[in-house]
>>> print(open('final13.cif').read())   # mmCIF, C-alpha atoms and all ligand atoms
data_input
#
loop_
_atom_site.label_atom_id
_atom_site.label_comp_id
_atom_site.auth_asym_id
_atom_site.auth_seq_id
_atom_site.Cartn_x
_atom_site.Cartn_y
_atom_site.Cartn_z
CA MET N 1 71.92 114.03 112.34
CA THR N 2 70.35 117.49 112.53
CA ILE N 3 72.86 120.22 113.02
CA HIS N 4 71.94 123.07 115.29
CA LEU N 5 73.07 126.41 113.86
CA PRO N 6 73.43 129.22 116.42
CA ASP N 7 71.75 132.58 115.73
CA GLY N 8 74.21 134.73 113.88
CA TYR N 9 76.05 131.86 112.23
CA ALA N 10 76.86 132.39 108.56
CA ILE N 11 79.48 130.66 106.46
CA LEU N 12 82.29 133.12 105.83
CA THR N 13 83.82 133.97 102.47
CA THR N 14 87.03 135.84 101.68
CA ALA N 15 84.79 138.92 101.31
CA THR N 16 82.79 138.62 104.55
CA VAL N 17 85.70 137.55 106.76
CA ARG N 18 87.17 141.02 106.28
CA ASP N 19 84.10 142.66 107.87
CA ALA N 20 83.89 140.03 110.60
CA VAL N 21 87.52 140.61 111.61
CA ALA N 22 87.26 144.40 111.29
CA LYS N 23 84.71 144.36 114.16
CA VAL N 24 87.17 142.73 116.58
CA PRO N 25 89.73 145.24 117.93
CA ASN N 26 91.92 142.46 119.30
CA LEU N 27 92.32 141.10 115.76
CA THR N 28 92.53 144.37 113.83
CA ALA N 29 95.43 145.35 116.09
CA ARG N 30 97.34 142.25 114.94
CA LEU N 31 96.86 143.12 111.29
CA GLY N 32 97.15 146.88 111.35
CA GLY N 33 94.82 148.96 109.25
CA PRO N 34 93.03 149.88 107.15
CA ALA N 35 91.00 146.71 106.56
CA SER N 36 90.94 147.32 102.82
CA THR N 37 94.69 146.62 102.68
CA TRP N 38 94.47 143.14 104.21
CA GLU N 39 95.40 140.28 101.92
CA ILE N 40 92.98 137.42 102.48
CA ARG N 41 93.11 133.86 101.16
CA GLU N 42 91.21 130.72 102.03
CA ILE N 43 93.91 128.09 102.56
CA GLY N 44 92.02 125.15 104.09
CA ASP N 45 93.54 121.96 102.76
CA GLY N 46 92.10 119.75 105.49
CA ASN N 47 88.99 117.65 105.27
CA MET N 48 86.90 119.66 107.60
CA ASN N 49 86.88 123.43 107.99
CA LEU N 50 87.39 126.84 106.43
CA VAL N 51 90.78 128.39 107.16
CA PHE N 52 91.43 132.01 106.19
CA ASP N 53 94.91 133.48 106.03
CA LEU N 54 94.97 137.24 106.66
CA VAL N 55 98.00 139.48 106.31
CA GLY N 56 98.02 143.20 107.07
CA PRO N 57 100.69 145.88 107.44
CA ALA N 58 101.41 144.94 111.08
CA GLY N 59 101.25 141.13 110.84
CA GLY N 60 99.10 138.12 110.09
CA LEU N 61 96.46 135.92 111.60
CA ILE N 62 94.45 132.80 110.88
CA VAL N 63 90.67 132.60 111.12
CA LYS N 64 89.32 129.06 111.30
CA GLN N 65 85.58 128.49 111.01
CA SER N 66 83.78 125.18 111.29
CA LEU N 67 81.15 124.23 108.74
CA PRO N 68 77.93 122.34 109.49
CA TYR N 69 79.17 119.45 107.33
CA ILE N 70 82.40 117.64 106.46
CA ARG N 71 84.11 119.81 103.91
CA SER N 72 85.71 117.08 101.83
CA VAL N 73 82.42 115.18 101.52
CA GLY N 74 79.92 118.03 101.36
CA GLU N 75 76.50 118.80 102.78
CA SER N 76 75.47 115.15 102.52
CA TRP N 77 77.54 114.49 105.66
CA PRO N 78 76.32 116.95 108.33
CA PHE N 79 78.72 117.50 111.20
CA PRO N 80 78.38 119.52 114.44
CA ILE N 81 79.79 123.02 114.19
CA GLY N 82 80.15 122.99 117.98
CA ARG N 83 83.40 121.07 117.42
CA ILE N 84 85.16 124.42 117.13
CA GLY N 85 84.35 124.97 120.82
CA PHE N 86 86.25 121.80 121.70
CA GLU N 87 89.15 122.86 119.47
CA HIS N 88 89.22 126.18 121.30
CA ALA N 89 89.09 124.55 124.75
CA ALA N 90 91.81 122.08 123.75
CA LEU N 91 94.11 124.82 122.41
CA ILE N 92 93.76 126.68 125.72
CA GLU N 93 94.44 123.55 127.76
CA GLN N 94 97.40 122.47 125.60
CA ALA N 95 98.90 125.96 125.83
CA ARG N 96 98.68 125.68 129.62
CA VAL N 97 100.33 122.26 129.88
CA ALA N 98 102.75 122.57 126.94
CA PRO N 99 103.49 126.29 126.50
CA GLY N 100 104.65 127.39 123.06
CA ARG N 101 103.73 124.20 121.23
CA VAL N 102 100.30 125.28 119.91
CA PRO N 103 99.22 128.43 118.06
CA ALA N 104 98.16 131.23 120.43
CA VAL N 105 94.40 131.87 120.47
CA TRP N 106 93.49 135.54 120.04
CA HIS N 107 89.73 135.37 119.59
CA TYR N 108 86.84 132.95 119.90
CA ASP N 109 83.26 133.42 118.67
CA GLY N 110 81.00 130.46 119.42
CA ALA N 111 78.01 131.80 117.44
CA MET N 112 80.10 132.30 114.32
CA ALA N 113 81.96 129.05 115.15
CA LEU N 114 85.35 130.67 114.61
CA ILE N 115 88.75 131.00 116.22
CA GLY N 116 91.21 133.81 115.48
CA MET N 117 94.72 132.52 116.09
CA GLU N 118 98.42 133.02 115.57
CA ARG N 119 99.54 132.59 111.97
CA LEU N 120 102.45 130.16 111.92
CA SER N 121 105.09 131.30 109.46
CA PRO N 122 107.37 130.17 107.85
CA HIS N 123 106.13 126.82 109.18
CA ILE N 124 104.77 124.20 106.80
CA ILE N 125 102.71 121.09 107.41
CA LEU N 126 105.06 118.29 108.51
CA ARG N 127 103.56 115.84 106.03
CA LYS N 128 104.59 118.14 103.18
CA GLY N 129 108.09 118.44 104.62
CA LEU N 130 108.35 114.64 104.76
CA VAL N 131 107.22 114.33 101.14
CA ARG N 132 109.94 116.83 100.18
CA GLY N 133 112.59 115.00 102.18
CA ILE N 134 113.36 117.78 104.68
CA ARG N 135 115.04 116.92 107.99
CA TYR N 136 113.90 118.68 111.16
CA PRO N 137 116.60 118.49 113.83
CA ARG N 138 114.42 119.60 116.76
CA LEU N 139 111.24 117.77 115.88
CA ALA N 140 111.83 114.61 117.93
CA ASP N 141 112.55 116.51 121.13
CA GLN N 142 109.83 119.11 120.75
CA LEU N 143 107.11 116.66 119.76
CA GLY N 144 108.22 114.06 122.31
CA ALA N 145 108.07 116.71 125.03
CA PHE N 146 104.65 117.91 123.83
CA LEU N 147 103.28 114.38 123.99
CA ALA N 148 104.68 113.77 127.47
CA ARG N 149 103.33 117.03 128.89
CA SER N 150 99.95 117.09 127.14
CA LEU N 151 99.22 113.47 128.06
CA PHE N 152 100.71 113.28 131.54
CA LEU N 153 99.45 116.62 132.84
CA THR N 154 95.83 116.05 131.78
CA SER N 155 95.71 112.53 133.22
CA ASP N 156 94.98 110.91 136.56
CA LEU N 157 98.73 110.67 137.02
CA ALA N 158 98.90 114.43 137.57
CA LEU N 159 95.37 115.53 138.51
CA SER N 160 93.24 114.75 141.55
CA THR N 161 90.15 112.69 140.83
CA PRO N 162 87.77 115.72 140.95
CA GLU N 163 90.11 117.75 138.70
CA LYS N 164 90.38 114.96 136.16
CA LYS N 165 86.63 114.32 136.08
CA ALA N 166 85.93 118.05 135.66
CA LEU N 167 88.38 118.34 132.76
CA MET N 168 86.98 115.20 131.19
CA ALA N 169 83.43 116.57 131.48
CA ARG N 170 84.39 119.66 129.48
CA PHE N 171 85.18 117.48 126.46
CA ALA N 172 82.54 114.76 126.91
CA GLY N 173 80.21 116.56 124.50
CA ASN N 174 82.59 115.97 121.61
CA ALA N 175 80.94 112.57 121.29
CA GLU N 176 79.79 112.83 117.68
CA LEU N 177 83.42 113.22 116.61
CA CYS N 178 84.49 110.27 118.76
CA ALA N 179 81.84 108.12 117.10
CA THR N 180 83.08 109.21 113.67
CA THR N 181 86.67 108.30 114.57
CA GLU N 182 85.50 104.90 115.75
CA ASP N 183 83.74 104.30 112.46
CA VAL N 184 86.30 105.58 109.98
CA ILE N 185 89.31 104.04 111.70
CA PHE N 186 88.31 100.79 113.33
CA THR N 187 85.41 99.35 111.36
CA GLY N 188 84.82 101.34 108.16
CA PRO N 189 87.97 100.14 106.34
CA TYR N 190 86.89 96.49 106.76
CA ASP N 191 83.30 97.06 105.68
CA ALA N 192 82.82 95.97 102.08
CA ALA N 193 79.60 97.98 101.96
CA ALA N 194 81.10 101.32 103.06
CA PRO N 195 80.75 103.36 99.87
CA LEU N 196 83.58 105.86 100.37
CA ASN N 197 86.39 103.36 100.95
CA ARG N 198 88.99 103.37 98.21
CA TRP N 199 92.44 102.00 97.43
CA THR N 200 94.83 101.78 94.50
CA ARG N 201 93.08 99.42 92.11
CA PRO N 202 93.50 96.79 90.92
CA HIS N 203 96.94 96.49 92.54
CA LEU N 204 95.74 96.28 96.16
CA ASP N 205 92.52 94.36 95.53
CA SER N 206 93.85 91.05 96.80
CA ALA N 207 95.59 92.62 99.81
CA VAL N 208 92.34 94.34 100.79
CA ALA N 209 90.33 91.13 100.37
CA ALA N 210 92.90 89.25 102.47
CA LEU N 211 92.78 91.85 105.24
CA ARG N 212 88.99 91.79 105.35
CA SER N 213 88.94 88.05 105.88
CA ASP N 214 91.85 88.07 108.31
CA ALA N 215 90.37 87.07 111.67
CA ASP N 216 93.41 88.22 113.68
CA ALA N 217 93.43 91.62 112.01
CA ILE N 218 89.70 92.18 112.53
CA ALA N 219 89.84 91.01 116.14
CA ALA N 220 92.75 93.39 116.77
CA ALA N 221 90.76 96.28 115.28
CA ALA N 222 87.78 95.42 117.48
CA GLU N 223 89.93 95.33 120.61
CA LEU N 224 91.48 98.68 119.76
CA LYS N 225 88.05 100.16 119.07
CA LEU N 226 86.96 99.08 122.54
CA VAL N 227 90.06 100.67 124.09
CA PHE N 228 89.29 103.87 122.19
CA ARG N 229 85.69 103.84 123.46
CA THR N 230 86.46 103.04 127.08
CA ALA N 231 89.84 104.48 128.07
CA THR N 232 89.75 107.98 129.57
CA GLU N 233 93.44 108.33 130.35
CA ALA N 234 94.22 111.83 129.17
CA LEU N 235 92.98 114.78 127.15
CA ILE N 236 94.19 113.56 123.79
CA HIS N 237 94.48 115.58 120.59
CA GLY N 238 92.53 112.91 118.80
CA ASP N 239 93.87 113.48 115.27
CA LEU N 240 97.62 113.85 115.69
CA HIS N 241 98.76 112.88 112.22
CA THR N 242 101.58 114.64 110.37
CA GLY N 243 99.01 116.98 108.77
CA SER N 244 98.22 118.36 112.24
CA ILE N 245 101.84 119.31 112.94
CA MET N 246 103.51 122.43 111.53
CA VAL N 247 107.26 122.81 111.48
CA ASP N 248 110.11 125.07 110.53
CA ALA N 249 113.82 124.51 111.08
CA ASP N 250 113.62 125.34 114.81
CA ASP N 251 110.03 125.11 115.88
CA THR N 252 107.29 122.46 116.11
CA ARG N 253 103.61 123.29 116.62
CA VAL N 254 100.56 121.14 116.98
CA ILE N 255 97.36 122.45 115.34
CA ASP N 256 93.78 121.32 114.77
CA PRO N 257 92.68 119.58 118.02
CA GLU N 258 88.97 119.58 117.13
CA TRP N 259 88.74 115.83 117.92
CA ALA N 260 90.02 116.27 121.48
CA PHE N 261 88.50 114.28 124.34
CA HIS N 262 89.61 112.13 127.27
CA GLY N 263 90.77 108.97 125.56
CA PRO N 264 93.71 106.56 125.41
CA MET N 265 97.18 108.13 125.44
CA GLY N 266 98.32 105.50 122.95
CA PHE N 267 96.00 106.94 120.32
CA ASP N 268 98.00 110.18 119.98
CA LEU N 269 101.32 108.36 120.23
CA GLY N 270 100.17 105.84 117.65
CA ALA N 271 98.90 108.55 115.31
CA VAL N 272 102.35 110.14 115.23
CA ILE N 273 104.21 106.84 114.82
CA GLY N 274 101.79 105.46 112.23
CA ASN N 275 101.92 108.57 110.10
CA LEU N 276 105.71 108.71 110.27
CA LEU N 277 105.75 105.09 109.13
CA LEU N 278 103.46 105.98 106.23
CA ALA N 279 106.02 108.63 105.29
CA TYR N 280 108.76 106.00 105.58
CA PHE N 281 107.04 103.52 103.25
CA SER N 282 106.18 106.26 100.73
CA GLN N 283 109.80 107.41 100.27
CA PRO N 284 110.77 105.13 97.34
CA GLY N 285 107.94 106.83 95.45
CA HIS N 286 109.59 110.21 95.94
CA ALA N 287 113.11 109.15 94.91
CA THR N 288 114.70 111.06 92.04
CA ALA N 289 117.89 110.59 90.01
CA THR N 290 119.80 112.80 92.45
CA ASP N 291 118.07 111.82 95.68
CA ASP N 292 117.35 108.14 96.33
CA ARG N 293 115.80 108.90 99.76
CA VAL N 294 117.60 105.92 101.27
CA GLY N 295 119.27 108.01 103.99
CA TYR N 296 116.08 109.95 104.53
CA ARG N 297 114.11 106.79 105.20
CA GLU N 298 116.58 105.87 107.92
CA TRP N 299 116.25 109.40 109.33
CA ILE N 300 112.51 108.87 109.68
CA LEU N 301 112.98 105.60 111.59
CA ASP N 302 115.58 107.24 113.80
CA LEU N 303 113.17 110.13 114.38
CA ILE N 304 110.56 107.67 115.67
CA VAL N 305 113.07 106.18 118.11
CA ARG N 306 114.28 109.59 119.34
CA LEU N 307 110.74 110.87 119.65
CA TRP N 308 109.64 107.91 121.76
CA THR N 309 112.80 108.07 123.87
CA ARG N 310 112.20 111.73 124.63
CA PHE N 311 108.53 111.09 125.34
CA GLU N 312 109.37 108.26 127.73
CA ALA N 313 112.08 110.21 129.57
CA ASP N 314 109.87 113.28 130.02
CA PHE N 315 106.78 111.26 130.93
CA ILE N 316 108.58 109.28 133.62
CA GLY N 317 110.41 112.43 134.72
CA LEU N 318 107.10 114.21 135.32
CA TRP N 319 105.78 111.21 137.20
CA ARG N 320 108.89 110.79 139.34
CA GLY N 321 108.76 114.49 140.20
CA ARG N 322 105.63 114.20 142.35
CA ARG N 323 104.17 111.94 144.96
CA SER N 324 101.81 109.57 143.20
CA GLU N 325 98.30 109.09 144.55
CA LEU N 326 98.51 105.58 143.12
CA LEU N 327 100.98 104.56 145.82
CA PRO N 328 100.67 104.61 149.60
CA PRO N 329 102.27 107.75 151.12
CA SER N 330 105.10 105.66 152.56
CA VAL N 331 106.38 104.71 149.09
CA PRO N 332 108.65 107.45 147.64
CA PRO N 333 108.50 108.34 143.92
CA ASP N 334 112.08 107.17 143.32
CA SER N 335 111.62 103.79 145.02
CA GLU N 336 111.99 100.51 143.20
CA VAL N 337 108.25 99.90 143.42
CA ALA N 338 107.54 103.26 141.82
CA GLU N 339 110.13 102.71 139.09
CA ARG N 340 108.54 99.38 138.28
CA MET N 341 105.16 101.08 137.98
CA TYR N 342 106.57 103.69 135.55
CA ALA N 343 108.25 101.06 133.40
CA ARG N 344 105.16 98.87 133.20
CA ARG N 345 102.92 101.78 132.26
CA VAL N 346 105.28 102.92 129.50
CA SER N 347 105.41 99.36 128.12
CA ALA N 348 101.61 99.26 128.08
CA LEU N 349 101.59 102.61 126.27
CA LEU N 350 103.99 101.27 123.66
CA ALA N 351 101.68 98.31 123.03
CA ASP N 352 98.65 100.60 122.65
CA ALA N 353 100.59 103.05 120.48
CA THR N 354 101.82 100.26 118.22
CA GLY N 355 98.32 98.89 117.75
CA PHE N 356 96.82 102.31 117.10
CA ALA N 357 99.66 103.12 114.69
CA GLY N 358 98.73 100.05 112.65
CA ALA N 359 95.03 100.97 112.70
CA LYS N 360 95.75 104.54 111.61
CA MET N 361 97.98 103.36 108.77
CA ILE N 362 95.43 100.91 107.42
CA ARG N 363 92.64 103.45 107.34
CA ARG N 364 94.78 105.85 105.27
CA LEU N 365 95.51 103.09 102.74
CA ILE N 366 92.10 101.50 102.23
CA GLY N 367 89.58 103.76 104.01
CA ILE N 368 87.82 107.03 103.20
CA SER N 369 90.63 109.47 103.76
CA HIS N 370 94.06 109.11 102.18
CA VAL N 371 97.36 110.96 102.59
CA GLU N 372 99.58 113.03 100.37
CA ASP N 373 102.57 110.79 101.14
CA PHE N 374 101.10 108.25 98.72
CA GLU N 375 98.71 110.39 96.68
CA ALA N 376 101.68 112.45 95.47
CA ILE N 377 103.22 109.36 93.83
CA ALA N 378 102.03 109.68 90.24
CA ASP N 379 102.75 106.17 88.94
CA PRO N 380 100.05 103.82 90.27
CA ALA N 381 102.28 100.72 90.22
CA THR N 382 105.00 102.46 92.26
CA ARG N 383 102.41 103.88 94.63
CA ALA N 384 100.81 100.47 95.07
CA ARG N 385 104.17 98.86 95.92
CA CYS N 386 104.76 101.45 98.64
CA GLU N 387 101.21 101.07 99.93
CA ALA N 388 101.37 97.28 99.98
CA ALA N 389 104.50 97.40 102.15
CA ALA N 390 102.84 99.90 104.50
CA LEU N 391 99.76 97.69 104.71
CA ALA N 392 101.83 94.62 105.58
CA CYS N 393 103.67 96.55 108.28
CA ALA N 394 100.42 97.97 109.67
CA ARG N 395 98.85 94.54 109.98
CA ASP N 396 101.95 93.23 111.73
CA LEU N 397 102.05 96.13 114.22
CA ARG N 398 98.42 95.79 115.05
CA VAL N 399 98.30 92.05 115.51
CA ARG N 400 101.61 91.78 117.39
CA ARG N 401 101.19 95.04 119.31
CA ALA N 402 101.94 93.60 122.74
CA GLY N 403 104.96 91.66 121.50
CA PHE N 404 107.44 94.49 120.90
CA ARG N 405 110.16 94.80 123.54
CA ASP N 406 110.82 98.48 122.87
CA ILE N 407 110.49 101.16 120.20
CA GLY N 408 113.64 99.84 118.51
CA ALA N 409 111.85 96.53 117.88
CA VAL N 410 108.87 98.37 116.33
CA VAL N 411 111.15 100.27 113.99
CA ASP N 412 113.10 97.08 113.16
CA ALA N 413 109.84 95.41 112.08
CA ALA N 414 109.15 98.31 109.72
CA ARG N 415 112.72 98.30 108.41
CA ALA N 416 112.55 94.57 107.62
CA ILE N 417 109.46 95.10 105.46
CA GLY N 418 110.91 98.31 103.97
CA ALA N 419 114.13 96.56 102.96
CA ASP N 420 112.13 94.07 100.95
CA GLN N 421 110.24 96.89 99.31
CA SER N 422 113.31 98.46 97.71
CA ARG N 423 114.59 95.18 96.27
P1 LIG L 501 91.00 121.12 109.23
O1 LIG L 501 90.34 121.07 110.56
O2 LIG L 501 90.09 121.43 108.12
O3 LIG L 501 91.84 119.90 108.99
P2 LIG L 501 93.43 122.58 109.89
O4 LIG L 501 93.35 123.18 111.25
O5 LIG L 501 94.20 121.31 109.75
O6 LIG L 501 91.95 122.38 109.29
O7 LIG L 501 93.99 123.69 108.89
C1 LIG L 501 94.02 123.49 107.49
C2 LIG L 501 95.31 124.08 106.94
O8 LIG L 501 95.39 125.48 107.23
C3 LIG L 501 96.56 123.48 107.55
O9 LIG L 501 96.94 122.33 106.84
C4 LIG L 501 97.56 124.61 107.40
O10 LIG L 501 98.12 124.61 106.11
C5 LIG L 501 96.71 125.85 107.56
N1 LIG L 501 96.73 126.36 108.96
C6 LIG L 501 95.88 126.01 109.95
N2 LIG L 501 96.18 126.66 111.09
C7 LIG L 501 97.25 127.44 110.83
C8 LIG L 501 98.03 128.38 111.59
N3 LIG L 501 97.77 128.63 112.87
N4 LIG L 501 99.06 129.01 110.96
C9 LIG L 501 99.33 128.77 109.64
N5 LIG L 501 98.63 127.92 108.89
C10 LIG L 501 97.60 127.26 109.44
MG MG L 502 93.51 119.14 109.75
#
>>> encode(input="final13.cif", output="structure tokens")
Amino acid sequence: MTIHLPDGYAILTTATVRDAVAKVPNLTARLGGPASTWEIREIGDGNMNLVFDLVGPAGGLIVKQSLPYIRSVGESWPFPIGRIGFEHAALIEQARVAPGRVPAVWHYDGAMALIGMERLSPHIILRKGLVRGIRYPRLADQLGAFLARSLFLTSDLALSTPEKKALMARFAGNAELCATTEDVIFTGPYDAAAPLNRWTRPHLDSAVAALRSDADAIAAAAELKLVFRTATEALIHGDLHTGSIMVDADDTRVIDPEWAFHGPMGFDLGAVIGNLLLAYFSQPGHATATDDRVGYREWILDLIVRLWTRFEADFIGLWRGRRSELLPPSVPPDSEVAERMYARRVSALLADATGFAGAKMIRRLIGISHVEDFEAIADPATRARCEAAALACARDLRVRRAGFRDIGAVVDAARAIGADQSR
């Protein structure tokens, strides 16, 4: 892949970002002056981009710049810097449909491939909160509502056909990122020749070999890959793991939508559920003498149930609140026919979400990119026990995805495997 670099693009450093920001009145006003007093740090901990944290006398801001390659791999893996344009467009769209749930955008510069945005504070990355064992009382409601609004309101269920196609067209160019997702999630983990795959060795060797020769598991991954490639249901975030969610005691925000495109709703729902389940299975590895994490594990499962319940209620509520173009005008939105349509669609979403959750879990256990939930467990044998349980659960979710009656049954399946794990 050759990466096109716009005229004027230069990779920023903590030194040059000061000058770049000083030229933008809209940003200098947020920080207060003079520029020499700004405290600047590069805080990117993701796989992909540069993220600068700036604090001045009047306040703070974040500058995110995309690089022409994947940060965690290096220049050997070129990657389109135009992805920042899709992140920008997605942040604007998400702010419109789900106000207050994404960082406010204050500046965008396509040539420099950067966004200036609201600095979330004292928020931390949800994944880190889950590793520490922190409970977030408002998370289920706020994230469930975000999912309902961002998915429903960008879909054919809310938009006219021309509106939906126009919105979809704005994100169709994010194709290189879609192709990468397809590779690293659905096929890469099962490819013995993919050089960057890794897992806890030798403990998981036999589990990995078993998975790679498991016809049901591979067929399920192929089916999900096809759904990912063909469904255009809603403008999805595309990478909604617990590292793309920032939280404090009262507030939940969704960041980092650079993978956004019109895809299957179940992919975002499954990303959230799968990553919460990874957190669940990792908990025994974070237990201490004073905190066994047993209650916390249950809190995570309950969070998944409450989150889905809120999502479902809001999603159906939005649908019921308007006349659906899917039904003839004579059929009212609170009729039995309409209610049956809502219920069937939500069941189908649960099946997709369950399958995608399994796929997302597997790729974090045996693929290229791993998660802190497990990486923070120092003892390899303990880590491997947690990972093996997560892997077993993920396979089960993916293969049986259409067989779960409701979210409670999904969580029960995880709990059954988790109970074994702590014995
Ligand atoms: P990447 O695309 O490289 O994954 P992210 O958008 O996930 O980058 O940002 C990397 C890190 O920077 C996040 O994990 C978070 O710690 C921090 N960060 C990003 N955006 C913000 C923000 N708006 N406010 C505060 N911190 C942020
Ligand atoms: Mg990220």
>>> residues_around(input="final13.cif", residues="stretch 65-67 of chain N", least_positions_apart="6", cutoff="7 Å", atoms="only C-alpha atoms", output="list in words")
Asn49, Leu50, Val51, Ile81, Ile84, Ala113, Leu114 and Ile115 of chain N
>>> closest_residue(input="final13.cif", among="N:Leu126, N:Ala343, N:Leu12, N:Ala148", to="ligand MG 502 (chain L)", atoms="only C-alpha atoms and all ligand atoms")
N:Leu126
>>> residues_near_ligand(input="final13.cif", ligand="ligand MG 502 (chain L)", cutoff="7 Å", atoms="only C-alpha atoms and all ligand atoms", output="list in words")
Gly46, Asn47, Met48, Gly243, Ser244 and Asp256 of chain N
>>> closest_residue(input="final13.cif", among="N:Arg253, N:Arg149, N:Arg132, N:Arg297", to="N:Phe281", atoms="all atoms listed in the file")
N:Arg297
>>> closest_residue(input="final13.cif", among="N:Gly100, N:Gly116, N:Gly32, N:Pro329", to="ligand LIG 501 (chain L)", atoms="all atoms listed in the file")
N:Gly116
>>> closest_residue(input="final13.cif", among="N:Asp216, N:Glu233, N:Asp250, N:Asp352", to="N:Phe404", atoms="only C-alpha atoms")
N:Asp352
>>> axis_aligned_box(input="final13.cif", around="ligand LIG 501 (chain L)", padding_each_side="3 Å", output="AutoDock Vina command-line options")
--center_x 94.7 --center_y 124.5 --center_z 109.5 --size_x 15.2 --size_y 15.1 --size_z 12.8
>>> residues_around(input="final13.cif", residues="N:Ala58", least_positions_apart="3", cutoff="10 Å", atoms="all atoms listed in the file", output="PyMOL selection string")
chain N and resi 28-33+38+55
>>> closest_residue(input="final13.cif", among="N:Phe79, N:Ile125, N:Met361, N:Asp109", to="N:Ala179", atoms="all atoms listed in the file")
N:Phe79
>>> residues_around(input="final13.cif", residues="N:Lys360", least_positions_apart="5", cutoff="10 Å", atoms="all atoms listed in the file", output="count of residues only")
19
>>> atom_distance(input="final13.cif", atom1="atom CA of N:Tyr108", atom2="atom CA of N:Pro78")
22.4 Å
>>> residues_around(input="final13.cif", residues="N:His88", least_positions_apart="2", cutoff="9 Å", atoms="only C-alpha atoms", output="list in words")
Arg83, Ile84, Gly85, Phe86, Ala90, Leu91, Ile92, Glu93, Val105, Tyr108, Leu114, Ile115, Pro257 and Glu258 of chain N
>>> build_atoms(input="final13.cif", residues="stretch 98-114 of chain N", atoms="N, CA and C atoms", output="short mmCIF file (atom, residue, chain, number, x, y, z; two decimals), keeping the file's coordinate frame")
data_model
loop_
_atom_site.label_atom_id
_atom_site.label_comp_id
_atom_site.auth_asym_id
_atom_site.auth_seq_id
_atom_site.Cartn_x
_atom_site.Cartn_y
_atom_site.Cartn_z
N ALA N 98 101.57 122.66 127.82
CA ALA N 98 102.75 122.57 126.94
C ALA N 98 102.97 123.92 126.25
N PRO N 99 103.40 124.92 127.04
CA PRO N 99 103.49 126.29 126.50
C PRO N 99 104.35 126.36 125.23
N GLY N 100 103.87 127.15 124.27
CA GLY N 100 104.65 127.39 123.06
C GLY N 100 104.52 126.33 121.99
N ARG N 101 103.80 125.27 122.23
CA ARG N 101 103.73 124.20 121.23
C ARG N 101 102.45 124.22 120.40
N VAL N 102 101.52 125.15 120.71
CA VAL N 102 100.30 125.28 119.91
C VAL N 102 100.16 126.75 119.51
N PRO N 103 99.42 127.04 118.43
CA PRO N 103 99.22 128.43 118.06
C PRO N 103 98.46 129.19 119.16
N ALA N 104 98.85 130.42 119.43
CA ALA N 104 98.16 131.23 120.43
C ALA N 104 96.76 131.58 119.92
N VAL N 105 95.78 131.51 120.83
CA VAL N 105 94.40 131.87 120.47
C VAL N 105 94.18 133.34 120.80
N TRP N 106 93.70 134.11 119.83
CA TRP N 106 93.49 135.54 120.04
C TRP N 106 92.02 135.93 120.12
N HIS N 107 91.16 135.02 119.61
CA HIS N 107 89.73 135.37 119.59
C HIS N 107 88.92 134.10 119.41
N TYR N 108 87.75 134.08 120.09
CA TYR N 108 86.84 132.95 119.90
C TYR N 108 85.42 133.48 119.82
N ASP N 109 84.66 133.02 118.83
CA ASP N 109 83.26 133.42 118.67
C ASP N 109 82.45 132.15 118.43
N GLY N 110 81.75 131.71 119.50
CA GLY N 110 81.00 130.46 119.42
C GLY N 110 79.85 130.53 118.42
N ALA N 111 79.16 131.68 118.35
CA ALA N 111 78.01 131.80 117.44
C ALA N 111 78.47 131.71 115.99
N MET N 112 79.57 132.36 115.68
CA MET N 112 80.10 132.30 114.32
C MET N 112 80.97 131.05 114.11
N ALA N 113 81.17 130.29 115.19
CA ALA N 113 81.96 129.05 115.15
C ALA N 113 83.36 129.32 114.59
N LEU N 114 84.00 130.36 115.12
CA LEU N 114 85.35 130.67 114.61
C LEU N 114 86.36 130.96 115.71
#
